$ cat final-v9.cif   # mmCIF, C-alpha atoms and all ligand atoms
data_structure
loop_
_atom_site.label_atom_id
_atom_site.label_comp_id
_atom_site.auth_asym_id
_atom_site.auth_seq_id
_atom_site.Cartn_x
_atom_site.Cartn_y
_atom_site.Cartn_z
CA MET A 1128 146.69 174.04 142.14
CA ALA A 1129 145.63 170.53 143.06
CA LYS A 1130 145.80 167.10 141.43
CA LEU A 1131 144.91 163.59 140.27
CA ASN A 1132 141.21 163.71 139.36
CA PRO A 1133 139.75 162.29 137.35
CA LEU A 1134 141.85 159.15 137.38
CA ILE A 1135 142.03 157.25 134.08
CA ALA A 1136 139.51 154.38 133.98
CA CYS A 1137 138.10 155.22 137.42
CA GLU A 1138 134.34 155.06 137.75
CA CYS A 1139 134.07 156.59 141.23
CA ARG A 1140 131.64 159.44 141.87
CA ILE A 1141 134.45 161.95 142.33
CA CYS A 1142 136.01 161.11 138.95
CA LYS A 1143 132.54 161.34 137.38
CA SER A 1144 131.63 164.57 139.20
CA THR A 1145 130.50 167.44 136.98
CA ASP A 1146 131.67 170.01 139.57
CA GLU A 1147 134.66 171.72 137.93
CA ARG A 1148 136.38 171.88 141.30
CA ASP A 1149 136.60 168.06 141.28
CA GLN A 1150 138.34 168.04 137.89
CA ARG A 1151 141.91 168.45 138.91
CA LEU A 1152 145.13 168.60 136.95
CA ARG A 1153 148.48 167.94 138.58
CA THR A 1154 149.69 170.30 141.33
CA SER A 1155 151.37 173.55 140.34
CA ILE A 1156 151.16 177.31 141.00
CA LEU A 1157 151.93 180.53 139.14
CA VAL A 1158 153.20 183.41 141.31
CA GLN A 1159 152.91 186.84 139.67
CA GLN A 1160 154.17 190.23 140.82
CA ASN A 1161 154.21 193.18 138.44
CA ASP A 1162 155.70 191.74 135.26
CA THR A 1163 157.36 188.71 136.89
CA ASN A 1164 156.04 185.18 136.45
CA ILE A 1165 157.29 182.29 138.58
CA VAL A 1166 155.91 178.76 138.21
CA VAL A 1167 156.41 176.04 140.82
CA ASP A 1168 156.63 172.56 139.23
CA SER A 1169 155.88 171.49 135.67
CA GLY A 1170 153.96 168.23 135.86
CA PRO A 1171 152.39 166.30 132.97
CA ASP A 1172 149.65 168.96 132.67
CA PHE A 1173 152.09 171.90 132.43
CA ARG A 1174 151.31 172.73 128.80
CA GLN A 1175 147.58 172.80 129.35
CA GLN A 1176 147.92 174.80 132.57
CA ILE A 1177 150.26 177.39 131.04
CA LEU A 1178 148.08 177.83 127.95
CA ARG A 1179 145.16 178.53 130.28
CA THR A 1180 147.07 181.36 132.02
CA GLY A 1181 148.01 183.06 128.75
CA ILE A 1182 151.45 184.11 130.09
CA ARG A 1183 154.08 184.80 127.42
CA LYS A 1184 157.19 184.87 129.54
CA LEU A 1185 158.50 182.71 132.38
CA ASP A 1186 161.05 184.30 134.71
CA ALA A 1187 161.67 181.22 136.84
CA LEU A 1188 160.61 177.61 137.11
CA LEU A 1189 161.07 176.23 140.63
CA PHE A 1190 161.01 172.53 141.40
CA THR A 1191 159.86 171.09 144.72
CA HIS A 1192 161.19 167.58 143.95
CA SER A 1193 161.73 165.21 141.05
CA HIS A 1194 158.62 163.01 141.15
CA LYS A 1195 157.08 162.62 137.72
CA ASP A 1196 153.86 164.44 138.59
CA HIS A 1197 156.00 167.55 139.25
CA VAL A 1198 158.58 167.48 136.44
CA ALA A 1199 157.22 165.51 133.45
CA GLY A 1200 156.02 168.55 131.49
CA MET A 1201 159.31 170.43 131.55
CA ASP A 1202 160.02 169.82 127.86
CA ASP A 1203 157.25 172.29 127.03
CA ILE A 1204 159.22 175.27 128.31
CA ARG A 1205 160.45 175.41 124.70
CA GLY A 1206 157.60 177.79 123.93
CA PHE A 1207 159.11 180.26 126.38
CA ASN A 1208 162.58 179.77 124.84
CA PHE A 1209 161.16 180.75 121.46
CA ALA A 1210 159.10 183.68 122.79
CA MET A 1211 161.82 185.10 125.08
CA GLN A 1212 164.78 184.16 122.87
CA LYS A 1213 166.66 182.91 125.89
CA ALA A 1214 167.04 180.02 128.32
CA VAL A 1215 164.52 179.52 131.12
CA ASP A 1216 165.93 179.94 134.63
CA ILE A 1217 165.34 176.80 136.66
CA TYR A 1218 165.78 176.67 140.43
CA CYS A 1219 166.13 173.33 142.23
CA THR A 1220 168.33 171.24 144.51
CA PRO A 1221 171.37 169.29 143.21
CA SER A 1222 169.47 165.99 143.57
CA VAL A 1223 166.71 167.27 141.27
CA VAL A 1224 169.36 168.23 138.70
CA ASP A 1225 170.74 164.67 138.84
CA HIS A 1226 167.25 163.35 138.14
CA MET A 1227 166.72 165.83 135.29
CA LYS A 1228 169.92 164.63 133.63
CA LYS A 1229 168.35 161.18 133.34
CA GLU A 1230 164.79 162.25 132.61
CA PHE A 1231 165.69 164.93 130.05
CA TYR A 1232 169.16 163.68 129.03
CA TYR A 1233 168.98 165.39 125.62
CA ILE A 1234 168.85 168.84 127.24
CA PHE A 1235 172.25 168.20 128.82
CA ASP A 1236 173.92 166.50 125.83
CA ASP A 1237 177.09 168.08 124.45
CA PHE A 1238 175.45 168.07 121.05
CA LYS A 1239 172.32 170.20 121.34
CA TYR A 1240 169.73 169.04 118.83
CA PRO A 1241 168.00 172.14 117.42
CA GLY A 1242 164.77 173.05 119.20
CA ILE A 1243 165.37 171.28 122.50
CA PRO A 1244 164.57 173.16 125.73
CA GLU A 1245 167.22 175.61 126.91
CA VAL A 1246 167.66 175.93 130.65
CA ASP A 1247 169.88 177.84 133.07
CA ILE A 1248 170.12 175.87 136.29
CA HIS A 1249 170.36 177.68 139.63
CA LEU A 1250 171.00 175.49 142.66
CA ILE A 1251 168.95 176.07 145.79
CA ASP A 1252 170.38 175.73 149.26
CA LYS A 1253 167.54 175.41 151.76
CA GLU A 1254 169.13 177.88 154.15
CA ASN A 1255 169.59 180.61 151.59
CA PRO A 1256 166.70 182.75 150.36
CA PHE A 1257 167.05 183.82 146.73
CA SER A 1258 165.41 186.42 144.51
CA VAL A 1259 163.75 186.39 141.13
CA ASP A 1260 163.48 190.04 140.06
CA SER A 1261 162.02 191.73 143.16
CA ILE A 1262 160.45 188.54 144.55
CA LEU A 1263 162.29 187.09 147.56
CA ILE A 1264 161.89 183.34 148.00
CA GLN A 1265 162.64 181.38 151.17
CA PRO A 1266 163.09 177.63 150.60
CA ILE A 1267 161.59 175.34 153.25
CA GLU A 1268 162.69 171.71 153.46
CA VAL A 1269 159.95 169.19 154.21
CA MET A 1270 159.98 165.38 154.18
CA HIS A 1271 157.97 163.24 151.73
CA LEU A 1272 158.54 159.89 153.44
CA ASN A 1273 162.38 159.85 153.18
CA LEU A 1274 162.68 162.24 150.24
CA LYS A 1275 163.65 165.87 150.87
CA VAL A 1276 161.18 168.20 149.17
CA LEU A 1277 161.21 171.98 148.98
CA GLY A 1278 158.35 174.23 149.93
CA PHE A 1279 158.62 177.94 149.21
CA ARG A 1280 157.74 181.08 151.13
CA PHE A 1281 156.94 184.20 149.09
CA ASP A 1282 156.55 186.99 151.64
CA LYS A 1283 153.37 186.05 153.57
CA PHE A 1284 152.43 183.15 151.27
CA VAL A 1285 153.77 179.62 151.86
CA TYR A 1286 153.38 176.75 149.38
CA ILE A 1287 154.05 173.16 150.45
CA THR A 1288 153.15 170.15 148.37
CA ASP A 1289 154.18 166.51 148.85
CA ALA A 1290 155.05 166.32 152.53
CA ASN A 1291 154.17 164.26 155.54
CA PHE A 1292 156.68 165.71 157.99
CA ILE A 1293 158.03 169.19 158.76
CA SER A 1294 160.87 169.65 161.24
CA ASP A 1295 160.70 172.22 164.04
CA SER A 1296 163.38 174.38 162.45
CA GLU A 1297 161.57 174.48 159.10
CA LYS A 1298 158.27 175.21 160.87
CA GLU A 1299 159.88 178.44 162.11
CA LYS A 1300 160.16 179.58 158.49
CA ILE A 1301 156.42 179.08 158.03
CA LYS A 1302 155.19 180.75 161.20
CA GLY A 1303 153.72 184.22 160.81
CA CYS A 1304 152.58 183.60 157.25
CA ASP A 1305 149.17 184.82 156.16
CA THR A 1306 148.26 182.02 153.76
CA LEU A 1307 149.53 178.45 153.80
CA VAL A 1308 148.99 175.97 150.97
CA LEU A 1309 149.54 172.42 152.19
CA ASN A 1310 149.03 168.96 150.73
CA ALA A 1311 146.14 166.79 151.97
CA LEU A 1312 145.86 163.65 149.85
CA ARG A 1313 142.86 161.82 151.35
CA LYS A 1314 141.27 160.92 154.67
CA GLU A 1315 143.16 157.64 155.18
CA THR A 1316 146.77 157.99 156.26
CA HIS A 1317 149.38 157.70 153.51
CA VAL A 1318 153.05 156.78 153.61
CA SER A 1319 154.33 160.05 152.11
CA HIS A 1320 151.51 162.64 152.16
CA PHE A 1321 149.59 164.38 154.93
CA SER A 1322 146.09 162.98 155.37
CA LEU A 1323 143.24 165.45 155.80
CA ASP A 1324 143.39 165.23 159.61
CA GLU A 1325 147.18 165.54 159.67
CA ALA A 1326 147.00 168.60 157.42
CA ILE A 1327 144.35 170.20 159.63
CA LYS A 1328 146.53 169.57 162.72
CA MET A 1329 149.49 171.18 160.95
CA VAL A 1330 147.39 174.25 160.14
CA GLU A 1331 146.23 174.50 163.78
CA GLU A 1332 149.87 174.37 164.89
CA LEU A 1333 151.29 176.84 162.36
CA LYS A 1334 148.32 179.22 162.64
CA PRO A 1335 148.17 180.93 159.25
CA ARG A 1336 145.18 183.26 158.83
CA LYS A 1337 144.02 181.12 155.93
CA ALA A 1338 144.97 177.69 154.56
CA TYR A 1339 144.24 175.87 151.30
CA PHE A 1340 144.72 172.16 150.77
CA THR A 1341 146.17 170.87 147.51
CA HIS A 1342 147.48 167.64 145.92
CA ILE A 1343 144.07 166.13 146.52
CA SER A 1344 143.32 162.57 145.40
CA HIS A 1345 139.94 161.36 144.17
CA GLN A 1346 139.95 159.33 147.39
CA LEU A 1347 139.39 162.49 149.46
CA GLY A 1348 135.78 163.01 148.39
CA LEU A 1349 133.72 165.65 146.62
CA HIS A 1350 134.99 169.22 146.93
CA GLU A 1351 131.60 170.49 148.07
CA GLU A 1352 131.10 167.81 150.74
CA ILE A 1353 134.64 167.97 152.17
CA GLU A 1354 134.64 171.77 152.43
CA LYS A 1355 131.52 171.61 154.60
CA GLU A 1356 133.49 169.51 157.12
CA LEU A 1357 136.33 172.04 157.35
CA PRO A 1358 136.70 175.08 159.60
CA SER A 1359 136.03 178.30 157.67
CA HIS A 1360 139.69 179.36 157.53
CA ILE A 1361 140.63 176.12 155.75
CA ARG A 1362 139.46 175.61 152.15
CA LEU A 1363 140.22 173.13 149.40
CA ALA A 1364 142.21 174.56 146.51
CA TYR A 1365 140.91 173.97 143.00
CA ASP A 1366 142.25 174.43 139.49
CA GLY A 1367 142.20 178.08 138.50
CA LEU A 1368 141.98 179.39 142.08
CA GLN A 1369 143.49 182.90 142.30
CA LEU A 1370 144.65 184.56 145.53
CA GLU A 1371 145.66 188.21 145.85
CA PHE A 1372 148.13 189.66 148.33
ZN ZN A 1401 138.05 157.98 141.00
ZN ZN A 1402 155.98 163.43 145.26
ZN ZN A 1403 153.16 164.84 143.88
#
$ encode --input "final-v9.cif" --output "C-alpha cells"
Amino acid sequence: MAKLNPLIACECRICKSTDERDQRLRTSILVQQNDTNIVVDSGPDFRQQILRTGIRKLDALLFTHSHKDHVAGMDDIRGFNFAMQKAVDIYCTPSVVDHMKKEFYYIFDDFKYPGIPEVDIHLIDKENPFSVDSILIQPIEVMHLNLKVLGFRFDKFVYITDANFISDSEKEKIKGCDTLVLNALRKETHVSHFSLDEAIKMVEELKPRKAYFTHISHQLGLHEEIEKELPSHIRLAYDGLQLEF
C-alpha cells in the first residue's frame, strides 16, 4: 500500500527519512484467499512490488481508475502470461478500457506482436458485485474531483484510494465493514484527495473497527510522528503491511 515517497530530487526530511515506512512505492494491494491472488492497480512500481510478493499467478487485476500512478506498470503482467500460459483477467470500467486503448495501444492492435501482454477484459458495473474464484467483490463508486473512481469491498475489508467525495448511497456499501483503507494525501486540503482531517472525519462517520490511510504524500509528514497524532484505531499503511481476516 501507499505512495509517492521519496520524491525524485526532493530534499525534504520525509524523502530523506531512513524509516522504511516513509519509503513508499505507488499505491496498490494484493488480496489473497486460498490459492487466489487479486491485485488492485498496477502503477509504475508494479514490477518491483510483485517481485517482492513472490506470487507466480495472478487471477485478477482490478483497476480503480486510469491515472498513471495506478496503471503505468500494466505491461509487466507479461510475466504472468508466460507463467500461466494464458491471458490475465482485468476488471475495470468502460472508461478505463478507453484509456488503456490509448496508453497500451499495442495490446489491442489487430496484429499482435509476439510477447506483448495478453489480457481478458471484464467490465465492471458499480451496482453489480462480481466474483473471482470464491472471492466476492462489491464495487464502490467514489469521486476523485470529477473523475469516477472505484473502491472495492472484499467481505469485511474495504479499499478506497484516490477519492475526496463519497455519496450517501455508496457509503451504505461501506458501512458494517471491519477494516477500511482510505486515502489521506497530506494535511492541507487537496482538490481531488481527502486530507488527513477529511479522512479522519470519514472514518468517524463510517465507523469501521479499524482504518488504514494510504496514498500518502511526502507532504503528510513522518510516519512515526503522524501516527502519534491519530486515534489508536486509525493507522498509516506502509509498504509491505499485511492484514489477516
Ligand atoms: Zn520530499
Ligand atoms: Zn488518481
Ligand atoms: Zn493516485
$ residues_near_ligand --input "final-v9.cif" --ligand "ligand ZN 1403 (chain A)" --cutoff "10 Å" --atoms "all atoms listed in the file" --output "list of chain:residue names"
A:Ala1129, A:Lys1130, A:Leu1131, A:Arg1153, A:Thr1154, A:Ser1155, A:Asp1168, A:Gly1170, A:Thr1191, A:His1192, A:Ser1193, A:His1194, A:Lys1195, A:Asp1196, A:His1197, A:Val1198, A:His1271, A:Thr1288, A:Asp1289, A:Ala1290, A:Asn1310, A:Leu1312, A:Ser1319, A:His1320, A:Thr1341, A:His1342, A:Ile1343
$ write_last_selection --input "final-v9.cif" --atoms "C-alpha atoms" --output "PDB file, in the coordinates of the input"
ATOM      1  CA  ALA A1129     145.630 170.530 143.060  1.00  0.00           C
ATOM      2  CA  LYS A1130     145.800 167.100 141.430  1.00  0.00           C
ATOM      3  CA  LEU A1131     144.910 163.590 140.270  1.00  0.00           C
ATOM      4  CA  ARG A1153     148.480 167.940 138.580  1.00  0.00           C
ATOM      5  CA  THR A1154     149.690 170.300 141.330  1.00  0.00           C
ATOM      6  CA  SER A1155     151.370 173.550 140.340  1.00  0.00           C
ATOM      7  CA  ASP A1168     156.630 172.560 139.230  1.00  0.00           C
ATOM      8  CA  GLY A1170     153.960 168.230 135.860  1.00  0.00           C
ATOM      9  CA  THR A1191     159.860 171.090 144.720  1.00  0.00           C
ATOM     10  CA  HIS A1192     161.190 167.580 143.950  1.00  0.00           C
ATOM     11  CA  SER A1193     161.730 165.210 141.050  1.00  0.00           C
ATOM     12  CA  HIS A1194     158.620 163.010 141.150  1.00  0.00           C
ATOM     13  CA  LYS A1195     157.080 162.620 137.720  1.00  0.00           C
ATOM     14  CA  ASP A1196     153.860 164.440 138.590  1.00  0.00           C
ATOM     15  CA  HIS A1197     156.000 167.550 139.250  1.00  0.00           C
ATOM     16  CA  VAL A1198     158.580 167.480 136.440  1.00  0.00           C
ATOM     17  CA  HIS A1271     157.970 163.240 151.730  1.00  0.00           C
ATOM     18  CA  THR A1288     153.150 170.150 148.370  1.00  0.00           C
ATOM     19  CA  ASP A1289     154.180 166.510 148.850  1.00  0.00           C
ATOM     20  CA  ALA A1290     155.050 166.320 152.530  1.00  0.00           C
ATOM     21  CA  ASN A1310     149.030 168.960 150.730  1.00  0.00           C
ATOM     22  CA  LEU A1312     145.860 163.650 149.850  1.00  0.00           C
ATOM     23  CA  SER A1319     154.330 160.050 152.110  1.00  0.00           C
ATOM     24  CA  HIS A1320     151.510 162.640 152.160  1.00  0.00           C
ATOM     25  CA  THR A1341     146.170 170.870 147.510  1.00  0.00           C
ATOM     26  CA  HIS A1342     147.480 167.640 145.920  1.00  0.00           C
ATOM     27  CA  ILE A1343     144.070 166.130 146.520  1.00  0.00           C
TER      28      ILE A1343
END
$ residues_around --input "final-v9.cif" --residues "Asn1164 (chain A)" --least-positions-apart "6" --cutoff "10 Å" --atoms "all atoms listed in the file" --output "list in words"
Leu1157, Val1158, Ile1182, Arg1183, Lys1184, Leu1185, Asp1186, Ala1187, Leu1188, Val1259, Asp1260 and Ile1262 of chain A
$ write_last_selection --input "final-v9.cif" --atoms "C-alpha atoms" --output "tab-separated table (two decimals), in the coordinates of the input"
chain	number	residue	atom	x	y	z
A	1157	LEU	CA	151.93	180.53	139.14
A	1158	VAL	CA	153.20	183.41	141.31
A	1182	ILE	CA	151.45	184.11	130.09
A	1183	ARG	CA	154.08	184.80	127.42
A	1184	LYS	CA	157.19	184.87	129.54
A	1185	LEU	CA	158.50	182.71	132.38
A	1186	ASP	CA	161.05	184.30	134.71
A	1187	ALA	CA	161.67	181.22	136.84
A	1188	LEU	CA	160.61	177.61	137.11
A	1259	VAL	CA	163.75	186.39	141.13
A	1260	ASP	CA	163.48	190.04	140.06
A	1262	ILE	CA	160.45	188.54	144.55
$ residues_near_ligand --input "final-v9.cif" --ligand "ligand ZN 1401 (chain A)" --cutoff "12 Å" --atoms "all atoms listed in the file" --output "ChimeraX atom specification"
/A:1130-1144,1149-1151,1343-1349
$ closest_residue --input "final-v9.cif" --among "A:Phe1321, A:Tyr1339, A:Tyr1218, A:Tyr1240" --to "ligand ZN 1402 (chain A)" --atoms "all atoms listed in the file"
A:Phe1321
$ closest_residue --input "final-v9.cif" --among "A:Ser1294, A:Asn1255, A:Thr1220, A:Asn1273" --to "ligand ZN 1402 (chain A)" --atoms "all atoms listed in the file"
A:Asn1273
$ residues_around --input "final-v9.cif" --residues "Ser1359 (chain A)" --least-positions-apart "3" --cutoff "10 Å" --atoms "all atoms listed in the file" --output "list in words"
Lys1337, Ala1338, Glu1354, Lys1355, Glu1356 and Arg1362 of chain A
$ residues_around --input "final-v9.cif" --residues "region 1330-1335 of chain A" --least-positions-apart "4" --cutoff "10 Å" --atoms "only C-alpha atoms" --output "ChimeraX atom specification"
/A:1283-1285,1298-1299,1301-1309,1324-1326,1339-1340,1360-1361
$ write_last_selection --input "final-v9.cif" --atoms "C-alpha atoms" --output "JSON list (two decimals), in the frame of the given file"
[["chain", "number", "residue", "atom", "x", "y", "z"],
["A", 1283, "LYS", "CA", 153.37, 186.05, 153.57],
["A", 1284, "PHE", "CA", 152.43, 183.15, 151.27],
["A", 1285, "VAL", "CA", 153.77, 179.62, 151.86],
["A", 1298, "LYS", "CA", 158.27, 175.21, 160.87],
["A", 1299, "GLU", "CA", 159.88, 178.44, 162.11],
["A", 1301, "ILE", "CA", 156.42, 179.08, 158.03],
["A", 1302, "LYS", "CA", 155.19, 180.75, 161.20],
["A", 1303, "GLY", "CA", 153.72, 184.22, 160.81],
["A", 1304, "CYS", "CA", 152.58, 183.60, 157.25],
["A", 1305, "ASP", "CA", 149.17, 184.82, 156.16],
["A", 1306, "THR", "CA", 148.26, 182.02, 153.76],
["A", 1307, "LEU", "CA", 149.53, 178.45, 153.80],
["A", 1308, "VAL", "CA", 148.99, 175.97, 150.97],
["A", 1309, "LEU", "CA", 149.54, 172.42, 152.19],
["A", 1324, "ASP", "CA", 143.39, 165.23, 159.61],
["A", 1325, "GLU", "CA", 147.18, 165.54, 159.67],
["A", 1326, "ALA", "CA", 147.00, 168.60, 157.42],
["A", 1339, "TYR", "CA", 144.24, 175.87, 151.30],
["A", 1340, "PHE", "CA", 144.72, 172.16, 150.77],
["A", 1360, "HIS", "CA", 139.69, 179.36, 157.53],
["A", 1361, "ILE", "CA", 140.63, 176.12, 155.75]]
$ atom_distance --input "final-v9.cif" --atom1 "CA of Val1246 (chain A)" --atom2 "CA of Asp1216 (chain A)"
5.9 Å
$ residues_near_point --input "final-v9.cif" --point "(135.2, 173.6, 140.7)" --cutoff "10 Å" --atoms "only C-alpha atoms" --output "PDB file with C-alpha atoms, in the coordinates of the input"
ATOM      1  CA  SER A1144     131.630 164.570 139.200  1.00  0.00           C
ATOM      2  CA  THR A1145     130.500 167.440 136.980  1.00  0.00           C
ATOM      3  CA  ASP A1146     131.670 170.010 139.570  1.00  0.00           C
ATOM      4  CA  GLU A1147     134.660 171.720 137.930  1.00  0.00           C
ATOM      5  CA  ARG A1148     136.380 171.880 141.300  1.00  0.00           C
ATOM      6  CA  ASP A1149     136.600 168.060 141.280  1.00  0.00           C
ATOM      7  CA  GLN A1150     138.340 168.040 137.890  1.00  0.00           C
ATOM      8  CA  ARG A1151     141.910 168.450 138.910  1.00  0.00           C
ATOM      9  CA  HIS A1350     134.990 169.220 146.930  1.00  0.00           C
ATOM     10  CA  GLU A1351     131.600 170.490 148.070  1.00  0.00           C
ATOM     11  CA  ALA A1364     142.210 174.560 146.510  1.00  0.00           C
ATOM     12  CA  TYR A1365     140.910 173.970 143.000  1.00  0.00           C
ATOM     13  CA  ASP A1366     142.250 174.430 139.490  1.00  0.00           C
ATOM     14  CA  GLY A1367     142.200 178.080 138.500  1.00  0.00           C
ATOM     15  CA  LEU A1368     141.980 179.390 142.080  1.00  0.00           C
TER      16      LEU A1368
END
$ residues_around --input "final-v9.cif" --residues "Ala1199 (chain A)" --least-positions-apart "6" --cutoff "9 Å" --atoms "all atoms listed in the file" --output "list in words"
Ser1169, Gly1170, Pro1171, Asp1172, Phe1173, Ser1193 and Glu1230 of chain A
$ closest_residue --input "final-v9.cif" --among "A:Leu1323, A:Val1276, A:Ile1217, A:Ile1234" --to "ligand ZN 1402 (chain A)" --atoms "all atoms listed in the file"
A:Val1276
$ closest_residue --input "final-v9.cif" --among "A:Phe1207, A:Phe1235, A:Tyr1286, A:Phe1190" --to "Val1223 (chain A)" --atoms "only C-alpha atoms"
A:Phe1190
$ closest_residue --input "final-v9.cif" --among "A:Pro1358, A:Ile1353, A:Asn1291, A:Phe1372" --to "ligand ZN 1402 (chain A)" --atoms "only C-alpha atoms and all ligand atoms"
A:Asn1291
$ atom_distance --input "final-v9.cif" --atom1 "CA of Arg1205 (chain A)" --atom2 "CA of Gly1242 (chain A)"
7.4 Å
$ atom_distance --input "final-v9.cif" --atom1 "CA of Gly1181 (chain A)" --atom2 "CA of Leu1250 (chain A)"
27.9 Å
$ build_atoms --input "final-v9.cif" --residues "region 1162-1176 of chain A" --atoms "N, CA and C atoms" --output "compact mmCIF listing (two decimals), in the coordinates of the input"
# COMPACT_ATOMS: atom_id res chain seq x y z
N ASP A 1162 155.53 192.40 136.55
CA ASP A 1162 155.70 191.74 135.26
C ASP A 1162 156.38 190.37 135.41
N THR A 1163 156.58 189.93 136.65
CA THR A 1163 157.36 188.71 136.89
C THR A 1163 156.45 187.49 137.07
N ASN A 1164 156.78 186.43 136.34
CA ASN A 1164 156.04 185.18 136.45
C ASN A 1164 156.95 184.06 136.95
N ILE A 1165 156.54 183.44 138.05
CA ILE A 1165 157.29 182.29 138.58
C ILE A 1165 156.32 181.11 138.65
N VAL A 1166 156.74 179.96 138.13
CA VAL A 1166 155.91 178.76 138.21
C VAL A 1166 156.61 177.75 139.12
N VAL A 1167 155.86 177.11 139.99
CA VAL A 1167 156.41 176.04 140.82
C VAL A 1167 155.90 174.70 140.27
N ASP A 1168 156.84 173.90 139.79
CA ASP A 1168 156.63 172.56 139.23
C ASP A 1168 155.97 172.58 137.84
N SER A 1169 156.43 171.64 137.02
CA SER A 1169 155.88 171.49 135.67
C SER A 1169 155.54 170.01 135.47
N GLY A 1170 154.40 169.62 135.97
CA GLY A 1170 153.96 168.23 135.86
C GLY A 1170 153.46 167.91 134.46
N PRO A 1171 152.85 166.73 134.30
CA PRO A 1171 152.39 166.30 132.97
C PRO A 1171 151.35 167.24 132.36
N ASP A 1172 150.68 168.05 133.18
CA ASP A 1172 149.65 168.96 132.67
C ASP A 1172 150.17 170.37 132.43
N PHE A 1173 151.48 170.57 132.52
CA PHE A 1173 152.09 171.90 132.43
C PHE A 1173 151.62 172.67 131.20
N ARG A 1174 151.66 172.03 130.04
CA ARG A 1174 151.31 172.73 128.80
C ARG A 1174 149.89 173.29 128.87
N GLN A 1175 148.98 172.41 129.25
CA GLN A 1175 147.58 172.80 129.35
C GLN A 1175 147.37 173.92 130.39
N GLN A 1176 148.07 173.80 131.51
CA GLN A 1176 147.92 174.80 132.57
C GLN A 1176 148.48 176.15 132.14
